[in-house]
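Student: Just one file: final-v2.txt, with compact mmCIF, N, CA and C atoms.
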```
# COMPACT_ATOMS: atom_id res chain seq x y z
N LEU A 751 -2.80 -19.21 -14.12
CA LEU A 751 -1.89 -18.45 -13.25
C LEU A 751 -2.68 -17.41 -12.51
N ALA A 752 -2.53 -17.34 -11.20
CA ALA A 752 -3.27 -16.39 -10.37
C ALA A 752 -2.71 -14.99 -10.54
N GLN A 753 -3.56 -14.00 -10.35
CA GLN A 753 -3.17 -12.60 -10.43
C GLN A 753 -2.58 -12.14 -9.11
N ALA A 754 -1.66 -11.20 -9.16
CA ALA A 754 -1.10 -10.62 -7.94
C ALA A 754 -2.09 -9.65 -7.32
N PRO A 755 -1.98 -9.42 -6.02
CA PRO A 755 -2.86 -8.45 -5.37
C PRO A 755 -2.67 -7.06 -5.96
N CYS A 756 -3.67 -6.24 -5.80
CA CYS A 756 -3.64 -4.86 -6.29
C CYS A 756 -2.39 -4.15 -5.81
N GLY A 757 -1.66 -3.49 -6.72
CA GLY A 757 -0.51 -2.71 -6.35
C GLY A 757 0.80 -3.47 -6.24
N GLU A 758 0.82 -4.77 -6.51
CA GLU A 758 2.05 -5.54 -6.41
C GLU A 758 2.92 -5.33 -7.66
N SER A 759 4.21 -5.42 -7.49
CA SER A 759 5.13 -5.28 -8.62
C SER A 759 5.12 -6.55 -9.46
N SER A 760 5.66 -6.45 -10.68
CA SER A 760 5.68 -7.63 -11.55
C SER A 760 6.57 -8.72 -10.95
N ARG A 761 7.65 -8.35 -10.25
CA ARG A 761 8.50 -9.35 -9.60
C ARG A 761 7.71 -10.07 -8.52
N ALA A 762 7.00 -9.31 -7.68
CA ALA A 762 6.20 -9.93 -6.64
C ALA A 762 5.10 -10.78 -7.27
N ARG A 763 4.53 -10.31 -8.39
CA ARG A 763 3.46 -11.04 -9.06
C ARG A 763 3.98 -12.40 -9.52
N SER A 764 5.18 -12.45 -10.10
CA SER A 764 5.69 -13.73 -10.58
C SER A 764 6.02 -14.65 -9.41
N LEU A 765 6.57 -14.11 -8.32
CA LEU A 765 6.85 -14.93 -7.16
C LEU A 765 5.56 -15.44 -6.54
N TRP A 766 4.57 -14.56 -6.45
CA TRP A 766 3.28 -14.95 -5.87
C TRP A 766 2.62 -16.00 -6.75
N GLY A 767 2.69 -15.82 -8.06
CA GLY A 767 2.11 -16.78 -8.98
C GLY A 767 2.72 -18.16 -8.83
N ARG A 768 4.05 -18.22 -8.66
CA ARG A 768 4.71 -19.50 -8.46
C ARG A 768 4.27 -20.14 -7.16
N ALA A 769 4.08 -19.35 -6.13
CA ALA A 769 3.69 -19.90 -4.83
C ALA A 769 2.29 -20.50 -4.88
N MET A 770 1.46 -20.06 -5.82
CA MET A 770 0.08 -20.52 -5.91
C MET A 770 -0.07 -21.71 -6.86
N SER A 771 1.01 -22.24 -7.39
CA SER A 771 0.90 -23.27 -8.41
C SER A 771 1.15 -24.68 -7.89
N PHE A 772 0.68 -24.99 -6.68
CA PHE A 772 0.82 -26.33 -6.14
C PHE A 772 -0.22 -27.24 -6.78
N PRO A 773 0.18 -28.31 -7.46
CA PRO A 773 -0.82 -29.19 -8.07
C PRO A 773 -1.61 -29.94 -7.00
N GLY A 774 -2.93 -29.81 -7.06
CA GLY A 774 -3.81 -30.53 -6.17
C GLY A 774 -3.84 -30.04 -4.73
N ALA A 775 -3.14 -28.96 -4.42
CA ALA A 775 -3.11 -28.45 -3.06
C ALA A 775 -3.69 -27.04 -3.02
N THR A 776 -4.29 -26.69 -1.91
CA THR A 776 -4.80 -25.33 -1.72
C THR A 776 -3.88 -24.66 -0.72
N PRO A 777 -2.98 -23.78 -1.22
CA PRO A 777 -2.04 -23.13 -0.32
C PRO A 777 -2.76 -22.12 0.58
N PRO A 778 -2.22 -21.83 1.75
CA PRO A 778 -2.84 -20.85 2.63
C PRO A 778 -2.78 -19.45 2.04
N VAL A 779 -3.74 -18.61 2.42
CA VAL A 779 -3.75 -17.22 1.98
C VAL A 779 -2.67 -16.48 2.76
N PRO A 780 -1.73 -15.78 2.07
CA PRO A 780 -0.71 -15.03 2.80
C PRO A 780 -1.36 -14.02 3.75
N ALA A 781 -0.72 -13.76 4.88
CA ALA A 781 -1.29 -12.86 5.91
C ALA A 781 -1.62 -11.49 5.35
N ALA A 782 -0.77 -10.96 4.46
CA ALA A 782 -1.01 -9.63 3.91
C ALA A 782 -2.24 -9.60 3.03
N ARG A 783 -2.67 -10.73 2.49
CA ARG A 783 -3.83 -10.79 1.60
C ARG A 783 -5.12 -11.16 2.34
N LYS A 784 -5.01 -11.57 3.59
CA LYS A 784 -6.18 -11.99 4.34
C LYS A 784 -7.19 -10.85 4.43
N VAL A 785 -8.45 -11.16 4.15
CA VAL A 785 -9.51 -10.16 4.20
C VAL A 785 -10.01 -10.03 5.63
N LEU A 786 -9.91 -8.83 6.18
CA LEU A 786 -10.40 -8.56 7.53
C LEU A 786 -11.85 -8.09 7.51
N LEU A 787 -12.22 -7.32 6.49
CA LEU A 787 -13.58 -6.82 6.32
C LEU A 787 -13.75 -6.40 4.87
N ALA A 788 -14.91 -6.64 4.31
CA ALA A 788 -15.19 -6.23 2.93
C ALA A 788 -16.64 -5.79 2.83
N GLY A 789 -16.88 -4.81 1.97
CA GLY A 789 -18.23 -4.34 1.75
C GLY A 789 -18.25 -3.09 0.88
N THR A 790 -19.43 -2.66 0.53
CA THR A 790 -19.60 -1.50 -0.34
C THR A 790 -19.76 -0.24 0.49
N LEU A 791 -18.92 0.74 0.20
CA LEU A 791 -18.98 2.06 0.83
C LEU A 791 -18.98 3.11 -0.28
N GLU A 792 -19.30 4.33 0.08
CA GLU A 792 -19.12 5.43 -0.87
C GLU A 792 -17.77 6.05 -0.59
N LYS A 793 -17.05 6.39 -1.66
CA LYS A 793 -15.74 7.02 -1.54
C LYS A 793 -15.78 8.34 -2.27
N ARG A 794 -15.30 9.39 -1.62
CA ARG A 794 -15.26 10.70 -2.27
C ARG A 794 -13.98 10.81 -3.08
N GLY A 795 -14.12 11.20 -4.34
CA GLY A 795 -12.96 11.37 -5.20
C GLY A 795 -12.09 12.53 -4.74
N ARG A 796 -10.81 12.42 -4.97
CA ARG A 796 -9.88 13.47 -4.53
C ARG A 796 -10.01 14.74 -5.34
N TRP A 797 -10.19 14.63 -6.63
CA TRP A 797 -10.14 15.81 -7.50
C TRP A 797 -11.52 16.40 -7.74
N ARG A 798 -12.48 15.59 -8.14
CA ARG A 798 -13.81 16.11 -8.45
C ARG A 798 -14.72 16.19 -7.23
N LYS A 799 -14.32 15.55 -6.16
CA LYS A 799 -15.09 15.52 -4.92
C LYS A 799 -16.48 14.89 -5.09
N GLU A 800 -16.62 14.05 -6.10
CA GLU A 800 -17.87 13.33 -6.31
C GLU A 800 -17.84 12.05 -5.49
N TRP A 801 -19.03 11.60 -5.07
CA TRP A 801 -19.16 10.37 -4.31
C TRP A 801 -19.46 9.23 -5.26
N ASN A 802 -18.72 8.11 -5.10
CA ASN A 802 -18.92 6.92 -5.93
C ASN A 802 -18.91 5.69 -5.04
N TYR A 803 -19.76 4.73 -5.38
CA TYR A 803 -19.75 3.46 -4.65
C TYR A 803 -18.53 2.66 -5.03
N ARG A 804 -17.85 2.11 -4.02
CA ARG A 804 -16.68 1.27 -4.23
C ARG A 804 -16.80 0.06 -3.30
N PHE A 805 -16.37 -1.08 -3.79
CA PHE A 805 -16.28 -2.27 -2.96
C PHE A 805 -14.92 -2.20 -2.27
N CYS A 806 -14.92 -2.09 -0.96
CA CYS A 806 -13.69 -1.91 -0.19
C CYS A 806 -13.33 -3.19 0.55
N VAL A 807 -12.02 -3.46 0.60
CA VAL A 807 -11.51 -4.66 1.27
C VAL A 807 -10.39 -4.24 2.22
N VAL A 808 -10.60 -4.43 3.52
CA VAL A 808 -9.56 -4.14 4.50
C VAL A 808 -8.66 -5.36 4.60
N ARG A 809 -7.38 -5.14 4.37
CA ARG A 809 -6.36 -6.17 4.53
C ARG A 809 -5.41 -5.72 5.62
N ARG A 810 -4.40 -6.48 5.90
CA ARG A 810 -3.49 -6.20 7.01
C ARG A 810 -2.79 -4.84 6.86
N GLU A 811 -2.39 -4.47 5.66
CA GLU A 811 -1.59 -3.25 5.48
C GLU A 811 -2.28 -2.18 4.63
N ARG A 812 -3.52 -2.43 4.17
CA ARG A 812 -4.15 -1.43 3.31
C ARG A 812 -5.63 -1.72 3.09
N ILE A 813 -6.30 -0.75 2.50
CA ILE A 813 -7.69 -0.91 2.09
C ILE A 813 -7.70 -0.83 0.57
N ASP A 814 -8.02 -1.93 -0.10
CA ASP A 814 -8.15 -1.94 -1.56
C ASP A 814 -9.57 -1.53 -1.90
N TYR A 815 -9.76 -0.84 -3.04
CA TYR A 815 -11.12 -0.55 -3.47
C TYR A 815 -11.29 -0.83 -4.96
N TYR A 816 -12.51 -1.30 -5.29
CA TYR A 816 -12.86 -1.80 -6.62
C TYR A 816 -14.17 -1.17 -7.08
N LEU A 817 -14.41 -1.19 -8.38
CA LEU A 817 -15.71 -0.75 -8.90
C LEU A 817 -16.80 -1.73 -8.49
N THR A 818 -16.48 -3.03 -8.58
CA THR A 818 -17.42 -4.08 -8.18
C THR A 818 -16.65 -5.13 -7.38
N ALA A 819 -17.38 -5.94 -6.66
CA ALA A 819 -16.74 -6.97 -5.83
C ALA A 819 -16.07 -8.03 -6.71
N PRO A 820 -14.84 -8.45 -6.35
CA PRO A 820 -14.21 -9.55 -7.08
C PRO A 820 -15.01 -10.84 -6.85
N ALA A 821 -14.99 -11.74 -7.82
CA ALA A 821 -15.73 -13.00 -7.69
C ALA A 821 -15.23 -13.78 -6.47
N LEU A 822 -13.94 -13.88 -6.32
CA LEU A 822 -13.32 -14.53 -5.16
C LEU A 822 -12.25 -13.60 -4.61
N MET A 823 -12.21 -13.41 -3.34
CA MET A 823 -11.23 -12.49 -2.75
C MET A 823 -9.79 -12.91 -3.04
N GLU A 824 -9.52 -14.21 -3.01
CA GLU A 824 -8.16 -14.68 -3.23
C GLU A 824 -7.73 -14.57 -4.69
N GLU A 825 -8.67 -14.41 -5.59
CA GLU A 825 -8.34 -14.35 -7.01
C GLU A 825 -8.69 -13.01 -7.62
N GLU A 826 -8.59 -11.93 -6.82
CA GLU A 826 -8.94 -10.65 -7.39
C GLU A 826 -8.01 -10.27 -8.52
N ASN A 827 -8.48 -9.43 -9.35
CA ASN A 827 -7.84 -9.07 -10.59
C ASN A 827 -7.22 -7.68 -10.44
N GLU A 828 -5.94 -7.56 -10.71
CA GLU A 828 -5.23 -6.29 -10.55
C GLU A 828 -5.86 -5.18 -11.39
N GLU A 829 -6.35 -5.51 -12.56
CA GLU A 829 -6.95 -4.50 -13.42
C GLU A 829 -8.26 -3.97 -12.83
N ALA A 830 -8.96 -4.77 -12.05
CA ALA A 830 -10.23 -4.35 -11.45
C ALA A 830 -10.01 -3.43 -10.25
N CYS A 831 -8.85 -3.50 -9.63
CA CYS A 831 -8.56 -2.68 -8.46
C CYS A 831 -8.38 -1.23 -8.89
N ARG A 832 -9.17 -0.33 -8.29
CA ARG A 832 -9.10 1.08 -8.66
C ARG A 832 -8.05 1.83 -7.85
N GLY A 833 -7.61 1.25 -6.75
CA GLY A 833 -6.59 1.89 -5.92
C GLY A 833 -6.59 1.31 -4.53
N PHE A 834 -5.77 1.90 -3.66
CA PHE A 834 -5.73 1.43 -2.29
C PHE A 834 -5.34 2.58 -1.37
N ILE A 835 -5.70 2.43 -0.12
CA ILE A 835 -5.35 3.37 0.93
C ILE A 835 -4.39 2.63 1.86
N PRO A 836 -3.13 3.06 1.93
CA PRO A 836 -2.18 2.34 2.79
C PRO A 836 -2.50 2.56 4.27
N LEU A 837 -2.32 1.52 5.06
CA LEU A 837 -2.45 1.62 6.51
C LEU A 837 -1.03 1.63 7.05
N ARG A 838 -0.69 2.68 7.78
CA ARG A 838 0.65 2.83 8.32
C ARG A 838 0.59 2.93 9.83
N LEU A 839 1.74 2.84 10.46
CA LEU A 839 1.80 2.91 11.92
C LEU A 839 1.18 4.20 12.45
N ARG A 840 1.37 5.29 11.74
CA ARG A 840 0.84 6.57 12.20
C ARG A 840 -0.53 6.89 11.60
N SER A 841 -1.11 5.96 10.87
CA SER A 841 -2.44 6.17 10.31
C SER A 841 -3.46 6.20 11.44
N GLU A 842 -4.53 6.94 11.20
CA GLU A 842 -5.61 6.97 12.17
C GLU A 842 -6.92 7.09 11.41
N ALA A 843 -7.82 6.19 11.68
CA ALA A 843 -9.16 6.24 11.09
C ALA A 843 -10.06 6.99 12.07
N LEU A 844 -10.69 8.05 11.57
CA LEU A 844 -11.52 8.89 12.43
C LEU A 844 -12.93 8.97 11.89
N ALA A 845 -13.89 9.03 12.81
CA ALA A 845 -15.28 9.27 12.43
C ALA A 845 -15.38 10.72 11.96
N ALA A 846 -16.15 10.93 10.91
CA ALA A 846 -16.33 12.27 10.35
C ALA A 846 -17.77 12.42 9.90
N GLU A 847 -18.13 13.64 9.55
CA GLU A 847 -19.49 13.91 9.09
C GLU A 847 -19.41 14.89 7.93
N GLU A 848 -20.19 14.62 6.91
CA GLU A 848 -20.30 15.49 5.74
C GLU A 848 -21.77 15.82 5.54
N PRO A 849 -22.08 16.91 4.87
CA PRO A 849 -23.49 17.20 4.60
C PRO A 849 -24.15 16.02 3.88
N SER A 850 -25.27 15.57 4.39
CA SER A 850 -26.07 14.44 3.88
C SER A 850 -25.36 13.08 4.01
N ARG A 851 -24.20 13.04 4.66
CA ARG A 851 -23.49 11.78 4.90
C ARG A 851 -22.95 11.80 6.33
N PRO A 852 -23.79 11.42 7.29
CA PRO A 852 -23.41 11.56 8.70
C PRO A 852 -22.45 10.49 9.23
N PHE A 853 -22.23 9.40 8.48
CA PHE A 853 -21.42 8.28 9.00
C PHE A 853 -20.17 8.07 8.16
N CYS A 854 -19.28 9.05 8.16
CA CYS A 854 -18.07 8.98 7.34
C CYS A 854 -16.86 8.54 8.15
N ILE A 855 -15.85 8.12 7.42
CA ILE A 855 -14.54 7.74 7.99
C ILE A 855 -13.49 8.47 7.17
N THR A 856 -12.57 9.11 7.85
CA THR A 856 -11.46 9.73 7.14
C THR A 856 -10.18 8.96 7.51
N ILE A 857 -9.43 8.60 6.47
CA ILE A 857 -8.17 7.88 6.67
C ILE A 857 -7.25 8.14 5.48
N GLY A 858 -6.01 8.45 5.77
CA GLY A 858 -5.02 8.66 4.72
C GLY A 858 -5.42 9.69 3.69
N GLY A 859 -6.12 10.74 4.09
CA GLY A 859 -6.54 11.78 3.15
C GLY A 859 -7.76 11.40 2.32
N GLU A 860 -8.32 10.23 2.56
CA GLU A 860 -9.51 9.76 1.84
C GLU A 860 -10.73 9.83 2.74
N LEU A 861 -11.90 9.96 2.13
CA LEU A 861 -13.14 10.03 2.87
C LEU A 861 -14.07 8.93 2.38
N LEU A 862 -14.51 8.08 3.30
CA LEU A 862 -15.41 6.97 3.00
C LEU A 862 -16.72 7.22 3.75
N SER A 863 -17.85 6.81 3.16
CA SER A 863 -19.14 7.01 3.80
C SER A 863 -19.84 5.66 3.99
N CYS A 864 -20.32 5.44 5.22
CA CYS A 864 -21.05 4.22 5.58
C CYS A 864 -22.55 4.52 5.61
N GLY A 865 -23.35 3.46 5.59
CA GLY A 865 -24.80 3.62 5.58
C GLY A 865 -25.42 3.79 6.96
N SER A 866 -24.70 3.44 8.03
CA SER A 866 -25.26 3.54 9.38
C SER A 866 -24.14 3.73 10.39
N ARG A 867 -24.50 4.12 11.59
CA ARG A 867 -23.51 4.28 12.65
C ARG A 867 -22.88 2.94 13.01
N ALA A 868 -23.68 1.87 13.04
CA ALA A 868 -23.14 0.54 13.36
C ALA A 868 -22.11 0.10 12.31
N GLU A 869 -22.43 0.34 11.04
CA GLU A 869 -21.48 -0.01 9.96
C GLU A 869 -20.21 0.83 10.09
N GLN A 870 -20.35 2.12 10.37
CA GLN A 870 -19.21 3.00 10.56
C GLN A 870 -18.32 2.49 11.69
N GLN A 871 -18.93 2.09 12.80
CA GLN A 871 -18.17 1.59 13.95
C GLN A 871 -17.45 0.30 13.62
N ARG A 872 -18.11 -0.60 12.87
CA ARG A 872 -17.47 -1.87 12.47
C ARG A 872 -16.23 -1.59 11.63
N TRP A 873 -16.32 -0.66 10.66
CA TRP A 873 -15.17 -0.32 9.82
C TRP A 873 -14.07 0.35 10.65
N LEU A 874 -14.44 1.28 11.54
CA LEU A 874 -13.45 1.94 12.39
C LEU A 874 -12.71 0.93 13.27
N ASP A 875 -13.46 0.00 13.87
CA ASP A 875 -12.85 -1.03 14.73
C ASP A 875 -11.89 -1.92 13.95
N THR A 876 -12.30 -2.35 12.76
CA THR A 876 -11.46 -3.25 11.94
C THR A 876 -10.21 -2.54 11.46
N ILE A 877 -10.34 -1.32 10.99
CA ILE A 877 -9.18 -0.55 10.52
C ILE A 877 -8.24 -0.28 11.70
N GLY A 878 -8.81 0.09 12.85
CA GLY A 878 -8.00 0.32 14.04
C GLY A 878 -7.24 -0.92 14.47
N ALA A 879 -7.89 -2.08 14.41
CA ALA A 879 -7.23 -3.33 14.77
C ALA A 879 -6.10 -3.66 13.80
N ALA A 880 -6.29 -3.38 12.51
CA ALA A 880 -5.24 -3.63 11.52
C ALA A 880 -4.03 -2.74 11.78
N ILE A 881 -4.28 -1.47 12.12
CA ILE A 881 -3.18 -0.54 12.42
C ILE A 881 -2.48 -0.97 13.71
N ALA A 882 -3.23 -1.39 14.71
CA ALA A 882 -2.64 -1.85 15.97
C ALA A 882 -1.77 -3.09 15.74
N ALA A 883 -2.21 -3.98 14.86
CA ALA A 883 -1.42 -5.18 14.54
C ALA A 883 -0.11 -4.79 13.86
N LEU A 884 -0.15 -3.79 12.98
CA LEU A 884 1.08 -3.30 12.35
C LEU A 884 2.03 -2.74 13.40
N ALA A 885 1.49 -1.99 14.36
CA ALA A 885 2.31 -1.41 15.41
C ALA A 885 2.93 -2.51 16.28
N ALA A 886 2.14 -3.54 16.59
CA ALA A 886 2.65 -4.64 17.41
C ALA A 886 3.78 -5.38 16.69
N GLU A 887 3.65 -5.54 15.38
CA GLU A 887 4.70 -6.21 14.59
C GLU A 887 5.97 -5.39 14.55
N ALA A 888 5.83 -4.06 14.59
CA ALA A 888 6.99 -3.18 14.47
C ALA A 888 7.75 -3.03 15.78
N MET A 889 7.13 -3.40 16.89
CA MET A 889 7.80 -3.26 18.19
C MET A 889 8.93 -4.27 18.31
N PRO A 890 10.08 -3.81 18.78
CA PRO A 890 11.20 -4.76 18.95
C PRO A 890 10.91 -5.72 20.09
N VAL A 891 11.39 -6.93 19.92
CA VAL A 891 11.24 -7.95 20.96
C VAL A 891 12.34 -7.74 21.99
N PRO A 892 11.97 -7.59 23.27
CA PRO A 892 13.01 -7.35 24.28
C PRO A 892 13.93 -8.56 24.44
N VAL A 893 15.20 -8.28 24.63
CA VAL A 893 16.19 -9.33 24.85
C VAL A 893 16.56 -9.27 26.33
N HIS A 894 16.37 -10.38 27.01
CA HIS A 894 16.67 -10.43 28.44
C HIS A 894 18.14 -10.77 28.64
N ASN A 895 18.76 -10.06 29.55
CA ASN A 895 20.14 -10.36 29.88
C ASN A 895 20.21 -11.61 30.73
N ARG A 896 21.05 -12.50 30.36
CA ARG A 896 21.23 -13.71 31.13
C ARG A 896 22.58 -13.63 31.84
N ARG A 897 22.51 -13.84 33.10
CA ARG A 897 23.76 -13.85 33.85
C ARG A 897 24.26 -15.30 33.89
N SER A 898 25.53 -15.42 33.64
CA SER A 898 26.09 -16.76 33.71
C SER A 898 26.27 -17.12 35.18
N SER A 899 25.85 -18.28 35.49
CA SER A 899 25.97 -18.72 36.87
C SER A 899 27.14 -19.69 36.99
N SER A 900 27.83 -19.58 38.07
CA SER A 900 28.94 -20.50 38.30
C SER A 900 28.54 -21.44 39.41
N PHE A 901 28.85 -22.66 39.22
CA PHE A 901 28.47 -23.69 40.19
C PHE A 901 29.59 -24.02 41.08
```
Could you write out this file's structure as structure tokens?

Tutor:
Amino acid sequence: LAQAPCGESSRARSLWGRAMSFPGATPPVPAARKVLLAGTLEKRGRWRKEWNYRFCVVRRERIDYYLTAPALMEEENEEACRGFIPLRLRSEALAAEEPSRPFCITIGGELLSCGSRAEQQRWLDTIGAAIAALAAEAMPVPVHNRRSSSF
């Protein structure tokens, strides 16, 4: 039985587990679980303000982080997930700088550090695209008025 993604409820876990139990078939990865970008960054702790390496995974609605990389992204283990940073419509990922860490990203009250400016830009672009996709999904679809024509 497959594990539910980090932060999922037990109800969602059981539904997700059932969806993954097709005999002999490989079901598609749900859009919310699709990996947009993954890699190791440093994350500053909220309370102790210490920097720790975390394996981060950008998904459609959030950034999951782990102590180590999961063996397979689709089969990550909920117990291995240390937490997540939600991506919301009003979220904004910004470039930041800290002493001895010039390539940081601040998002959702969290601070992540990249190893280079190029890596920082790649993460900013991917997170920005994920937030833009959420905004596009939230926009209402316009309904055109149709006038009835008489012949």

Student: Using all atoms listed in the file, can you tell me which of A:Leu786, A:Ile855, A:Leu884, A:Leu837 comes closest to Val807 in chain A?

Tutor: A:Leu786

Student: Measuring atom to atom with all atoms listed in the file, identify which of A:Tyr815, A:Leu862, A:Met889, A:Ala883 is nearest to Arg832 in chain A.

Tutor: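 Checking each of A:Tyr815, A:Leu862, A:Met889, A:Ala883 against Arg832 in chain A, counting all atoms listed in the file, the winner is A:Tyr815.
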
Student: Using DSSP on the backbone, list every residue of range 797-848 of chain A that comes out as strand (DSSP E or B), and give them as a list in words.

Tutor: Trp801, Asn802, Tyr803, Arg804, Phe805, Cys806, Val807, Val808, Arg812, Ile813, Asp814, Tyr815, Tyr816, Cys831, Arg832, Gly833, Phe834, Ile835, Pro836, Leu844, Ala845, Ala846, Glu847 and Glu848 of chain A

Student: Please report the interatomic distance between atom C of Arg872 in chain A and CA of Glu887 in chain A in Å with one decimal.

Tutor: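 These two atoms are separated by 21.6 Å.
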
Student: Residues within 6.5 Å of Arg838 in chain A, please, as a ChimeraX atom specification. Count only N, CA and C atoms; anything in the same chain fewer than 3 positions from it doesn't count.

Tutor: /A:811,841,881

Student: Residues at most 8 Å from Trp801 in chain A, counting all atoms listed in the file, excluding those fewer than 6 positions away in the same chain, as a list in words?

Tutor: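 Those residues are Leu791, Glu792, Lys793, Arg794 and Gly795 of chain A.
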
Student: Give me a file of those residues, with N, CA and C atoms, as a PDB file, in the frame of the given file.

Tutor:
```pdb
ATOM      1  N   LEU A 791     -18.920   0.740   0.200  1.00  0.00           N
ATOM      2  CA  LEU A 791     -18.980   2.060   0.830  1.00  0.00           C
ATOM      3  C   LEU A 791     -18.980   3.110  -0.280  1.00  0.00           C
ATOM      4  N   GLU A 792     -19.300   4.330   0.080  1.00  0.00           N
ATOM      5  CA  GLU A 792     -19.120   5.430  -0.870  1.00  0.00           C
ATOM      6  C   GLU A 792     -17.770   6.050  -0.590  1.00  0.00           C
ATOM      7  N   LYS A 793     -17.050   6.390  -1.660  1.00  0.00           N
ATOM      8  CA  LYS A 793     -15.740   7.020  -1.540  1.00  0.00           C
ATOM      9  C   LYS A 793     -15.780   8.340  -2.270  1.00  0.00           C
ATOM     10  N   ARG A 794     -15.300   9.390  -1.620  1.00  0.00           N
ATOM     11  CA  ARG A 794     -15.260  10.700  -2.270  1.00  0.00           C
ATOM     12  C   ARG A 794     -13.980  10.810  -3.080  1.00  0.00           C
ATOM     13  N   GLY A 795     -14.120  11.200  -4.340  1.00  0.00           N
ATOM     14  CA  GLY A 795     -12.960  11.370  -5.200  1.00  0.00           C
ATOM     15  C   GLY A 795     -12.090  12.530  -4.740  1.00  0.00           C
TER      16      GLY A 795
END
```

Student: I'd like to know which of A:Arg804, A:Arg796, A:Arg783, A:Arg812 is closest to Ile835 in chain A, using all atoms listed in the file.

Tutor: A:Arg812

Student: Quick one: distance from atom N of Val785 in chain A to atom C of Glu847 in chain A in Å, one decimal?

Tutor: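 About the pair atom N of Val785 in chain A and atom C of Glu847 in chain A: they are 28.5 Å apart.
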
Student: Can you tell me how far atom N of Glu860 in chain A sits from atom N of Ala821 in chain A, in Å to one decimal?

Tutor: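 One can read the atom N of Glu860 in chain A to atom N of Ala821 in chain A distance as 25.2 Å.
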
Student: Write out as a list in words all residues of range 781-889 of chain A that backbone DSSP assigns to helix (DSSP H, G or I).

Tutor: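 Helix (DSSP H, G or I) assignments inside range 781-889 of chain A correspond to Ala781, Ala782, Arg783, Met823, Glu824, Glu825, Arg867, Ala868, Glu869, Gln870, Gln871, Arg872, Trp873, Leu874, Asp875, Thr876, Ile877, Gly878, Ala879, Ala880, Ile881, Ala882, Ala883, Leu884, Ala885, Ala886, Glu887 and Ala888 of chain A.
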
Student: Of the residues A:Pro890, A:Gly859, A:Gly789, A:Pro836, which is the one nearest to Arg810 in chain A, using only N, CA and C atoms?

Tutor: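 Of A:Pro890, A:Gly859, A:Gly789, A:Pro836, the one nearest Arg810 in chain A, counting only N, CA and C atoms, is A:Pro836.
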
Student: So, counting only C-alpha atoms, which residue among A:Ala882, A:Ile813, A:Leu787, A:Cys864 is closest to Ser850 in chain A?

Tutor: A:Cys864

Student: Give me, as a PyMOL selection string, all polymer residues having an atom no more than 8 Å from Thr818 in chain A, counting all atoms listed in the file and skipping those fewer than 5 positions away in the same chain.

Tutor: chain A and resi 803-806+830-832
